[in-house]
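Dumped run.cif below, it's mmCIF, C-alpha atoms:
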data_model
loop_
_atom_site.label_atom_id
_atom_site.label_comp_id
_atom_site.auth_asym_id
_atom_site.auth_seq_id
_atom_site.Cartn_x
_atom_site.Cartn_y
_atom_site.Cartn_z
CA MET Q 17 -10.89 20.24 56.41
CA ALA Q 18 -8.64 21.20 53.57
CA SER Q 19 -10.26 23.30 50.88
CA PRO Q 20 -9.74 22.68 47.16
CA ARG Q 21 -6.79 24.46 45.68
CA ALA Q 22 -5.73 25.16 42.14
CA PHE Q 23 -3.28 22.61 40.79
CA THR Q 24 -0.26 23.27 38.65
CA PHE Q 25 1.21 21.29 35.76
CA LYS Q 26 4.71 20.04 35.26
CA CYS Q 27 5.91 21.45 31.99
CA SER Q 28 9.10 21.49 29.98
CA PRO Q 29 10.44 25.06 29.39
CA SER Q 30 10.34 24.47 25.64
CA LEU Q 31 6.59 23.89 25.54
CA ALA Q 32 5.16 27.07 24.00
CA PHE Q 33 2.97 26.94 20.91
CA SER Q 34 1.47 29.41 18.48
CA THR Q 35 -1.14 27.27 16.73
CA LYS Q 36 -2.99 23.98 17.12
CA THR Q 37 -1.10 20.85 16.14
CA LEU Q 38 -2.97 19.32 13.23
CA MET Q 39 -2.42 16.62 10.67
CA ASP Q 40 -0.11 17.72 7.89
CA SER Q 41 -1.67 19.88 5.22
CA LYS Q 42 -0.36 17.86 2.29
CA PRO Q 43 -2.21 14.69 1.33
CA ARG Q 44 -0.47 11.40 2.15
CA THR Q 45 -0.35 7.92 0.64
CA LEU Q 46 -0.97 4.60 2.32
CA ARG Q 47 0.75 1.67 0.68
CA SER Q 48 -0.56 -0.74 3.28
CA PRO Q 49 -3.09 -0.39 6.08
CA PHE Q 50 -0.52 -0.23 8.86
CA SER Q 51 2.79 0.70 7.23
CA CYS Q 52 5.19 3.10 8.92
CA SER Q 53 6.02 6.26 7.01
CA THR Q 54 9.54 7.61 7.04
CA SER Q 55 9.12 11.16 5.78
CA GLY Q 56 7.70 14.10 7.68
CA SER Q 57 4.76 14.68 5.34
CA PRO Q 58 4.08 11.61 3.18
CA GLN Q 59 1.02 11.57 0.97
CA ARG Q 60 -1.86 9.54 2.34
CA GLU Q 61 -4.08 7.75 -0.08
CA ALA Q 62 -6.42 4.93 0.90
CA ARG Q 63 -6.42 2.30 -1.83
CA LEU Q 64 -9.65 0.56 -1.03
CA SER Q 65 -10.22 -1.52 -4.16
CA ASP Q 66 -8.99 -4.48 -2.14
CA ALA Q 67 -11.86 -5.45 0.17
CA VAL Q 68 -9.54 -6.76 2.87
CA GLU Q 69 -7.54 -3.55 2.96
CA GLY Q 70 -10.62 -1.36 2.76
CA ALA Q 71 -12.79 -2.93 5.45
CA ILE Q 72 -12.55 -1.83 9.06
CA THR Q 73 -12.14 -4.94 11.19
CA LEU Q 74 -13.17 -5.25 14.83
CA GLN Q 75 -9.51 -5.63 15.81
CA GLU Q 76 -8.57 -2.44 13.99
CA TRP Q 77 -11.53 -0.53 15.45
CA GLN Q 78 -10.76 -1.56 19.02
CA GLY Q 79 -7.09 -0.80 18.51
CA TRP Q 80 -7.91 2.92 18.46
CA GLY Q 81 -8.93 2.88 22.12
CA THR Q 82 -12.39 1.33 22.47
CA THR Q 83 -13.80 -2.00 23.60
CA SER Q 84 -17.14 -1.55 21.81
CA PRO Q 85 -18.45 -3.47 18.81
CA LEU Q 86 -17.75 -1.91 15.42
CA PRO Q 87 -20.55 0.64 14.82
CA ALA Q 88 -22.85 -0.54 12.05
CA MET Q 89 -23.19 2.87 10.43
CA VAL Q 90 -19.41 3.36 10.31
CA THR Q 91 -19.13 0.02 8.51
CA LYS Q 92 -21.87 1.05 6.07
CA ILE Q 93 -20.19 4.35 5.24
CA VAL Q 94 -16.84 2.65 4.63
CA GLU Q 95 -18.58 0.25 2.25
CA ASP Q 96 -20.25 3.20 0.48
CA LEU Q 97 -16.89 4.95 0.12
CA LYS Q 98 -15.38 1.81 -1.39
CA ALA Q 99 -18.29 1.48 -3.81
CA LEU Q 100 -18.01 5.11 -4.88
CA GLU Q 101 -14.29 4.71 -5.42
CA LYS Q 102 -15.02 1.87 -7.82
CA ASP Q 103 -17.91 3.64 -9.55
CA ILE Q 104 -16.02 6.83 -10.39
CA ASP Q 105 -12.62 5.12 -10.82
CA ALA Q 106 -10.92 7.54 -8.43
CA GLN Q 107 -8.90 6.67 -5.35
CA MET Q 108 -9.49 8.24 -1.97
CA SER Q 109 -6.86 10.64 -0.71
CA PHE Q 110 -6.67 12.22 2.70
CA GLY Q 111 -4.82 15.16 4.20
CA GLY Q 112 -5.06 18.32 6.26
CA SER Q 113 -6.85 18.70 9.58
CA GLY Q 114 -8.47 15.45 10.66
CA GLY Q 115 -7.37 13.52 7.58
CA LYS Q 116 -10.07 15.01 5.37
CA LEU Q 117 -10.89 13.68 1.92
CA GLN Q 118 -9.17 15.57 -0.87
CA GLY Q 119 -9.06 15.76 -4.66
CA ASP Q 120 -11.61 14.62 -7.26
CA PHE Q 121 -12.94 11.89 -5.00
CA LYS Q 122 -13.82 14.49 -2.36
CA VAL Q 123 -15.87 16.49 -4.86
CA GLN Q 124 -17.98 13.48 -5.84
CA GLU Q 125 -18.30 12.13 -2.31
CA ASP Q 126 -19.32 15.55 -1.00
CA LYS Q 127 -22.23 15.70 -3.42
CA LYS Q 128 -23.32 12.19 -2.49
CA HIS Q 129 -23.12 12.57 1.27
CA ARG Q 130 -24.93 15.93 1.24
CA LYS Q 131 -27.76 14.36 -0.74
CA THR Q 132 -27.92 11.46 1.71
CA TYR Q 133 -27.89 13.81 4.69
CA GLN Q 134 -30.72 15.97 3.33
CA ALA Q 135 -32.87 12.90 2.68
CA LEU Q 136 -32.71 11.73 6.29
CA GLY Q 137 -35.93 12.11 8.18
CA ASP Q 138 -35.03 13.62 11.54
CA SER Q 139 -32.26 15.31 13.50
CA GLU Q 140 -31.24 12.10 15.30
CA GLN Q 141 -30.63 10.26 12.01
CA LYS Q 142 -28.68 13.25 10.72
CA LEU Q 143 -26.50 13.36 13.84
CA GLN Q 144 -25.73 9.65 13.63
CA PHE Q 145 -24.87 9.94 9.93
CA PHE Q 146 -22.65 12.97 10.54
CA ALA Q 147 -20.81 11.25 13.40
CA ALA Q 148 -20.32 7.97 11.53
CA ARG Q 149 -19.03 9.70 8.40
CA GLN Q 150 -16.54 11.78 10.40
CA ILE Q 151 -15.25 8.68 12.14
CA ALA Q 152 -15.13 6.51 9.00
CA CYS Q 153 -13.06 9.10 7.11
CA ARG Q 154 -10.71 9.59 10.06
CA LEU Q 155 -10.20 5.85 10.42
CA LEU Q 156 -9.35 5.41 6.74
CA GLY Q 157 -7.24 8.57 6.57
CA SER Q 158 -5.16 7.59 9.61
CA ARG Q 159 -4.24 4.07 8.52
CA GLY Q 160 -0.52 3.54 8.44
CA TYR Q 161 0.03 7.13 9.52
CA LEU Q 162 -1.08 7.43 13.15
CA CYS Q 163 -0.17 5.12 16.03
CA GLN Q 164 -3.38 3.49 17.21
CA LYS Q 165 -2.51 3.95 20.87
CA CYS Q 166 -1.34 7.57 21.12
CA TRP Q 167 -2.84 8.97 17.89
CA LEU Q 168 0.48 10.55 16.91
CA PRO Q 169 2.29 9.97 13.61
CA LEU Q 170 4.17 6.69 13.81
CA GLU Q 171 7.56 8.38 13.72
CA ASP Q 172 6.55 10.45 16.77
CA CYS Q 173 4.94 7.65 18.79
CA MET Q 174 5.14 8.34 22.54
CA CYS Q 175 3.81 4.99 23.80
CA SER Q 176 7.16 3.66 25.05
CA ASN Q 177 7.42 6.62 27.43
CA VAL Q 178 3.99 6.22 29.02
CA THR Q 179 3.76 4.64 32.46
CA GLN Q 180 0.42 3.05 33.25
CA SER Q 181 -1.35 3.47 36.57
CA THR Q 182 -4.33 1.85 38.28
CA LEU Q 183 -7.35 4.07 38.90
CA TRP Q 184 -9.24 3.53 42.16
CA HIS Q 185 -11.54 0.56 41.53
CA ARG Q 186 -14.74 2.46 42.52
CA MET Q 187 -14.10 5.22 39.97
CA ARG Q 188 -14.70 5.38 36.23
CA PHE Q 189 -14.15 8.10 33.64
CA TRP Q 190 -16.26 8.45 30.48
CA LEU Q 191 -14.67 10.39 27.63
CA TYR Q 192 -17.74 11.74 25.82
CA MET Q 193 -15.92 12.80 22.67
CA HIS Q 194 -17.08 14.82 19.68
CA PRO Q 195 -16.34 13.03 16.36
CA LYS Q 196 -14.16 15.94 15.23
CA ASP Q 197 -11.82 15.24 18.16
CA PHE Q 198 -11.51 11.54 17.35
CA LEU Q 199 -7.92 10.72 16.31
CA ARG Q 200 -6.88 14.33 16.77
CA GLN Q 201 -3.18 14.43 17.58
CA ASN Q 202 -3.40 17.06 20.31
CA ASN Q 203 -6.46 15.50 21.94
CA THR Q 204 -5.77 14.83 25.63
CA GLY Q 205 -8.77 12.65 26.47
CA LYS Q 206 -6.96 9.68 24.91
CA LEU Q 207 -4.33 9.95 27.65
CA LEU Q 208 -6.78 8.69 30.26
CA TRP Q 209 -7.16 5.22 28.75
CA GLN Q 210 -3.47 5.14 27.87
CA VAL Q 211 -2.69 5.55 31.57
CA PHE Q 212 -5.66 3.87 33.30
CA GLY Q 213 -6.90 1.43 30.64
CA THR Q 214 -10.12 1.31 28.63
CA GLU Q 215 -12.25 -0.18 31.43
CA ALA Q 216 -11.40 2.64 33.85
CA ALA Q 217 -11.49 5.38 31.19
CA THR Q 218 -13.97 4.55 28.45
CA LEU Q 219 -14.41 6.31 25.13
CA CYS Q 220 -17.97 7.27 24.17
CA LEU Q 221 -18.30 8.92 20.77
CA PHE Q 222 -21.04 11.54 20.46
CA GLY Q 223 -23.71 10.40 18.00
CA ILE Q 224 -22.54 6.76 17.84
CA SER Q 225 -25.50 4.80 19.18
CA GLU Q 226 -23.47 1.71 20.16
CA HIS Q 227 -21.16 3.83 22.32
CA GLU Q 228 -23.90 5.90 23.91
CA GLU Q 229 -25.92 2.79 24.75
CA ILE Q 230 -22.93 1.23 26.53
CA MET Q 231 -22.36 4.40 28.56
CA TRP Q 232 -25.99 4.87 29.54
CA ASN Q 233 -26.42 1.24 30.52
CA ALA Q 234 -23.53 1.71 32.94
CA LEU Q 235 -24.88 5.02 34.24
CA LYS Q 236 -28.31 3.51 34.84
CA LEU Q 237 -26.70 0.68 36.79
CA ALA Q 238 -24.68 3.14 38.87
CA GLY Q 239 -27.71 5.33 39.61
CA LYS Q 240 -28.03 9.09 39.18
CA ASN Q 241 -26.53 9.76 42.61
CA ASN Q 242 -23.26 8.25 41.40
CA VAL Q 243 -22.98 10.18 38.12
CA TRP Q 244 -21.43 13.63 37.55
CA CYS Q 245 -20.30 15.69 34.60
CA LEU Q 246 -17.19 17.86 34.88
CA TYR Q 247 -18.70 20.86 33.15
CA PRO Q 248 -19.22 24.52 34.09
CA ASN Q 249 -23.01 24.53 33.64
CA LYS Q 250 -23.97 28.21 33.95
CA ASN Q 251 -27.67 27.41 34.12
CA ALA Q 252 -27.42 25.62 37.46
CA ALA Q 253 -25.79 26.12 40.83
CA LEU Q 254 -22.20 24.95 40.56
CA LYS Q 255 -20.88 22.50 43.12
CA SER Q 256 -17.24 21.96 43.96
CA VAL Q 257 -15.57 18.62 44.67
CA GLU Q 258 -15.71 19.45 48.38
CA ASP Q 259 -19.40 20.35 48.17
CA VAL Q 260 -20.19 16.94 46.72
CA PHE Q 261 -17.71 14.65 48.46
CA GLY Q 262 -16.61 16.57 51.57
CA GLN Q 263 -19.15 15.09 53.99
CA GLU Q 264 -17.85 12.93 56.82
CA PRO Q 265 -18.59 10.09 56.72
CA SER Q 266 -19.01 10.18 52.96
CA PRO Q 267 -22.14 8.40 51.71
CA TYR Q 268 -20.21 7.57 48.53
CA LEU Q 269 -17.89 5.23 50.42
CA GLU Q 270 -20.66 3.13 51.91
CA CYS Q 271 -21.40 -0.40 50.70
CA THR Q 272 -23.35 -1.01 47.51
CA ASP Q 273 -27.09 -0.41 47.84
CA THR Q 274 -28.58 -3.79 46.99
CA LYS Q 275 -32.11 -2.42 47.31
CA THR Q 276 -31.67 -0.16 44.26
CA ASN Q 277 -29.26 -2.47 42.40
CA GLU Q 278 -26.76 0.41 42.19
CA ASP Q 279 -23.22 -0.85 41.77
CA GLY Q 280 -21.52 1.93 43.76
CA THR Q 281 -19.12 2.99 40.99
CA LEU Q 282 -18.53 6.76 40.86
CA ASN Q 283 -18.92 7.80 37.21
CA PHE Q 284 -17.40 11.04 35.92
CA ILE Q 285 -18.22 12.25 32.42
CA LEU Q 286 -15.60 14.39 30.69
CA ILE Q 287 -16.92 16.27 27.68
CA ASP Q 288 -14.14 16.04 25.10
CA GLY Q 289 -14.42 18.57 22.29
CA THR Q 290 -14.18 22.27 21.56
CA TRP Q 291 -16.10 24.56 23.88
CA ASN Q 292 -18.58 25.29 21.09
CA ASN Q 293 -19.21 21.60 20.49
CA SER Q 294 -19.45 20.92 24.23
CA VAL Q 295 -22.78 22.76 24.33
CA SER Q 296 -24.36 20.21 21.98
CA ILE Q 297 -22.81 17.29 23.87
CA PHE Q 298 -24.06 18.53 27.25
CA SER Q 299 -27.51 19.19 25.80
CA ARG Q 300 -27.65 15.57 24.62
CA LEU Q 301 -26.67 14.40 28.10
CA LYS Q 302 -29.54 16.36 29.62
CA ASP Q 303 -32.03 15.04 27.06
CA GLN Q 304 -31.04 11.46 27.78
CA ALA Q 305 -31.12 12.10 31.52
CA THR Q 306 -34.73 13.23 31.14
CA SER Q 307 -35.54 9.99 29.31
CA VAL Q 308 -33.75 7.78 31.85
CA TRP Q 309 -34.35 9.55 35.18
CA GLY Q 310 -37.31 11.79 34.40
CA GLU Q 311 -35.45 15.05 34.92
CA ALA Q 312 -32.96 17.08 32.90
CA ASP Q 313 -31.03 18.43 35.89
CA PHE Q 314 -27.70 16.75 35.20
CA PRO Q 315 -25.35 16.95 38.21
CA CYS Q 316 -22.21 18.94 37.39
CA ILE Q 317 -18.97 19.58 39.24
CA SER Q 318 -16.85 22.70 38.84
CA LEU Q 319 -13.11 22.38 39.48
CA ALA Q 320 -10.70 24.84 41.07
CA THR Q 321 -8.36 24.44 38.13
CA GLY Q 322 -5.29 26.46 37.31
CA VAL Q 323 -4.03 27.30 33.82
CA SER Q 324 -3.43 24.08 31.91
CA ALA Q 325 -0.08 23.45 30.29
CA MET Q 326 -2.08 22.38 27.25
CA HIS Q 327 -3.16 26.00 26.78
CA LYS Q 328 0.23 26.55 25.16
CA LEU Q 329 -0.69 24.02 22.50
CA ARG Q 330 -4.45 24.26 22.16
CA PRO Q 331 -5.64 27.67 23.40
CA GLN Q 332 -8.79 27.77 25.52
CA PRO Q 333 -11.39 30.56 25.27
CA SER Q 334 -10.47 31.77 28.77
CA TRP Q 335 -7.59 31.14 31.14
CA ASP Q 336 -9.64 29.30 33.74
CA ARG Q 337 -10.70 26.57 31.30
CA THR Q 338 -8.62 23.49 30.85
CA CYS Q 339 -8.07 20.51 28.58
CA THR Q 340 -9.76 17.15 29.13
CA ALA Q 341 -6.77 15.52 30.82
CA GLY Q 342 -6.34 18.66 32.90
CA ALA Q 343 -9.89 18.32 34.20
CA ALA Q 344 -9.25 14.71 35.22
CA ILE Q 345 -6.01 15.72 36.94
CA GLY Q 346 -7.89 18.48 38.77
CA LEU Q 347 -10.59 16.10 39.98
CA LEU Q 348 -8.07 13.55 41.25
CA SER Q 349 -5.99 16.25 42.94
CA GLU Q 350 -9.01 17.76 44.71
CA LEU Q 351 -10.28 14.36 45.86
CA GLN Q 352 -6.87 13.66 47.37
CA LEU Q 353 -7.31 16.70 49.65
CA LEU Q 354 -10.43 15.25 51.27
CA PRO Q 355 -9.66 13.14 54.37
CA GLU Q 356 -12.25 10.51 53.47
CA PHE Q 357 -10.59 9.95 50.07
CA SER Q 358 -6.94 10.52 50.94
CA SER Q 359 -6.04 6.83 51.21
CA PHE Q 360 -6.95 5.88 47.62
CA GLY Q 361 -3.79 7.14 45.94
CA PHE Q 362 -5.42 9.88 43.88
CA ASP Q 363 -2.23 11.96 44.11
CA LYS Q 364 -0.24 9.21 42.42
CA GLN Q 365 -2.93 8.71 39.78
CA ALA Q 366 -2.99 12.46 39.07
CA GLU Q 367 0.79 12.52 38.84
CA ALA Q 368 0.85 9.64 36.34
CA LEU Q 369 -1.66 11.42 34.12
CA GLU Q 370 0.14 14.74 34.45
CA ASP Q 371 3.45 13.14 33.46
CA THR Q 372 1.80 11.67 30.37
CA LEU Q 373 0.38 15.07 29.41
CA VAL Q 374 3.91 16.49 29.51
CA ILE Q 375 5.13 13.59 27.34
CA LEU Q 376 2.44 14.42 24.77
CA LEU Q 377 3.42 18.09 24.73
CA GLU Q 378 7.08 17.22 24.28
CA ALA Q 379 6.30 14.79 21.45
CA LEU Q 380 4.28 17.44 19.64
CA THR Q 381 6.98 20.04 20.26
CA THR Q 382 9.66 17.77 18.80
CA ARG Q 383 7.56 17.18 15.70
CA ARG Q 384 6.95 20.85 15.10
CA VAL Q 385 10.64 21.68 15.50
CA ARG Q 386 11.60 18.91 13.07
CA MET Q 387 9.12 20.21 10.51
CA GLY Q 388 10.29 23.80 10.88
CA ARG Q 389 7.09 25.07 12.48
CA SER Q 390 6.80 27.77 15.10
CA ILE Q 391 6.59 26.66 18.73
CA THR Q 392 5.79 30.11 20.11
CA ARG Q 393 2.11 30.82 20.58
CA LYS Q 394 1.07 34.36 19.69
CA VAL Q 395 -0.38 35.92 22.82
CA ARG Q 396 -4.05 36.70 22.28
CA HIS Q 397 -6.07 39.13 24.35
CA MET Q 398 -8.65 37.36 26.47
CA SER Q 399 -11.76 39.47 26.69
CA GLY Q 400 -12.69 38.02 30.06
CA ILE Q 401 -12.64 34.96 32.20
CA CYS Q 402 -15.92 33.06 32.18
#
File written out as structure tokens:
Amino acid sequence: MASPRAFTFKCSPSLAFSTKTLMDSKPRTLRSPFSCSTSGSPQREARLSDAVEGAITLQEWQGWGTTSPLPAMVTKIVEDLKALEKDIDAQMSFGGSGGKLQGDFKVQEDKKHRKTYQALGDSEQKLQFFAARQIACRLLGSRGYLCQKCWLPLEDCMCSNVTQSTLWHRMRFWLYMHPKDFLRQNNTGKLLWQVFGTEAATLCLFGISEHEEIMWNALKLAGKNNVWCLYPNKNAALKSVEDVFGQEPSPYLECTDTKTNEDGTLNFILIDGTWNNSVSIFSRLKDQATSVWGEADFPCISLATGVSAMHKLRPQPSWDRTCTAGAAIGLLSELQLLPEFSSFGFDKQAEALEDTLVILLEALTTRRVRMGRSITRKVRHMSGIC
């Protein structure tokens, strides 16, 4: 039987970066919710005195890559921001990393949201408030600036170059994303639903109860034996793709177990955030697993990944760690090597995702060159490979 091997990425020779690609540092103006800017660094300012323009509609929410209902707390925070704008007679302005609030409005809103946060009764309420506020501000700050599909500035939209592919029907990815990665231009988790669609690759935002409920309802239906997290959990014995799926015949390819009502879908959770934030996300997974299945031992898979091309854009803490799309590519590539899974076209699915990752890198490279920014990443010493 073939053993897992490290995979390599296709990469344009020009793709070498020195810093993370972030939203422009200067604030930008929005004249309409979905207008297209023509300059490289237009000011963004959300004029929310008009209720229609200020409200987040279901259509707008789902346009960013989700099929879920509009989260109630996100709606509430947007309404609060609109009310504050009216009360202090100051317009919202956004800019910098993540489309953060800026100016006089930021000062007043910061005082208000800190007071609200401190008054909340427990850590769960505080997490939900933090997540909803992050997402609400990013939604408002990205209007008319980012493409809803690829999360790149409209003038750099890459959507026309993306080729969609069909993921094997018994497989589903969950992008368990930290709010600070939502609408981030160099985020790679978004590529999965761009390529495979939102039903095959589903966004779940950390701390958003509506999203987490949808994910856990699906995981409960699938059963614990059909759920894995692609995460290097150092506190448990690591299993490779071959360890989990290399049996012949594979129990995972048998018919649905009607006795347990399990639907037979293989669910893979990709933690999408910085490595520091991933600790909190994985901890929440384990806590919920204890509540649902009575045990916190969450099954994890470790991949035989190579160095991701995305490392040139968004450096990882060690060379053996990879971006979110890279992890998905690694899983698909390693499954393809197993005889029992070799007929499901995982190589083609991995190739489609890999091609899209290269398109993203090239789009970000082009933008940085146009704006006069460095595309050479300063080599940093890595103290060790974890």
message: Set the distance at 10 Å and use only C-alpha atoms: which residues neighbour Gln144 (chain Q) once local chain neighbours fewer than 5 positions away are removed? I'd like the list as a list in words.
response: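 Those residues are Met89, Val90, Ser139, Arg149, Gln150, Phe222, Gly223, Ile224 and Ser225 of chain Q.
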- request: Find the residues around Phe212 (chain Q) up to 10 Å (only C-alpha atoms counted), leave out those fewer than 4 positions away in its own chain, and share them as a PyMOL selection string.
  value: chain Q and resi 179-184+188-189+207-208+216-218+365+368-369
Let me know the residues the PyMOL selection byres ((chain Q and resi 84) around 9) catches in the file above, as a compact mmCIF listing (two decimals) with C-alpha atoms, keeping the file's coordinate frame.
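For reference, expr_24.txt as written:
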# COMPACT_ATOMS: atom_id res chain seq x y z
CA LEU Q 74 -13.17 -5.25 14.83
CA TRP Q 77 -11.53 -0.53 15.45
CA GLN Q 78 -10.76 -1.56 19.02
CA THR Q 82 -12.39 1.33 22.47
CA THR Q 83 -13.80 -2.00 23.60
CA PRO Q 85 -18.45 -3.47 18.81
CA LEU Q 86 -17.75 -1.91 15.42
CA PRO Q 87 -20.55 0.64 14.82
CA LEU Q 219 -14.41 6.31 25.13
CA GLU Q 226 -23.47 1.71 20.16
CA HIS Q 227 -21.16 3.83 22.32
CA ILE Q 230 -22.93 1.23 26.53
Can you translate the PyMOL selection byres ((chain Q and resi 163-175) around 6) into the concrete residues it hits in this file, as a compact mmCIF listing (two decimals) with C-alpha atoms, in the frame of the given file?
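So result38.txt came out as:
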# COMPACT_ATOMS: atom_id res chain seq x y z
CA GLY Q 79 -7.09 -0.80 18.51
CA TRP Q 80 -7.91 2.92 18.46
CA TYR Q 161 0.03 7.13 9.52
CA LEU Q 162 -1.08 7.43 13.15
CA SER Q 176 7.16 3.66 25.05
CA ASN Q 177 7.42 6.62 27.43
CA VAL Q 178 3.99 6.22 29.02
CA LEU Q 199 -7.92 10.72 16.31
CA GLN Q 201 -3.18 14.43 17.58
message: At a cut-off of 8 Å, using all atoms listed in the file, what residues contact Leu246 (chain Q)? Leave out same-chain residues fewer than 3 positions from it and give the result as a list in words.
response: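 Near Leu246 (chain Q), the qualifying residues are Phe284, Ile285, Leu286, Ile287, Cys316, Ile317, Ser318, Leu319 and Ala343 of chain Q.
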Shell of 12 Å around Glu311 (chain Q), all atoms listed in the file, local chain residues under 5 positions omitted, as a PyMOL selection string: chain Q and resi 240+301-306
Can you write out the residues you just picked, keeping C-alpha atoms, as a short mmCIF file (atom, residue, chain, number, x, y, z; two decimals), in the frame of the given file?
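Below is the file that was written, selection.cif:
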data_model
loop_
_atom_site.label_atom_id
_atom_site.label_comp_id
_atom_site.auth_asym_id
_atom_site.auth_seq_id
_atom_site.Cartn_x
_atom_site.Cartn_y
_atom_site.Cartn_z
CA LYS Q 240 -28.03 9.09 39.18
CA LEU Q 301 -26.67 14.40 28.10
CA LYS Q 302 -29.54 16.36 29.62
CA ASP Q 303 -32.03 15.04 27.06
CA GLN Q 304 -31.04 11.46 27.78
CA ALA Q 305 -31.12 12.10 31.52
CA THR Q 306 -34.73 13.23 31.14
#
- request: Please provide the set of residues having any atom within 8 Å of Ala238 (chain Q), restricted to only C-alpha atoms, with same-chain residues fewer than 6 positions apart removed, written as an MDAnalysis selection string.
  value: chainID Q and resid 278:283
field: Residue among Q:Ala88, Q:Leu136, Q:Val308, Q:Val123 lying closest to Ile151 (chain Q), counting all atoms listed in the file
entry: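 Residue with the minimum atom-to-atom distance to Ile151 (chain Q): Q:Ala88.
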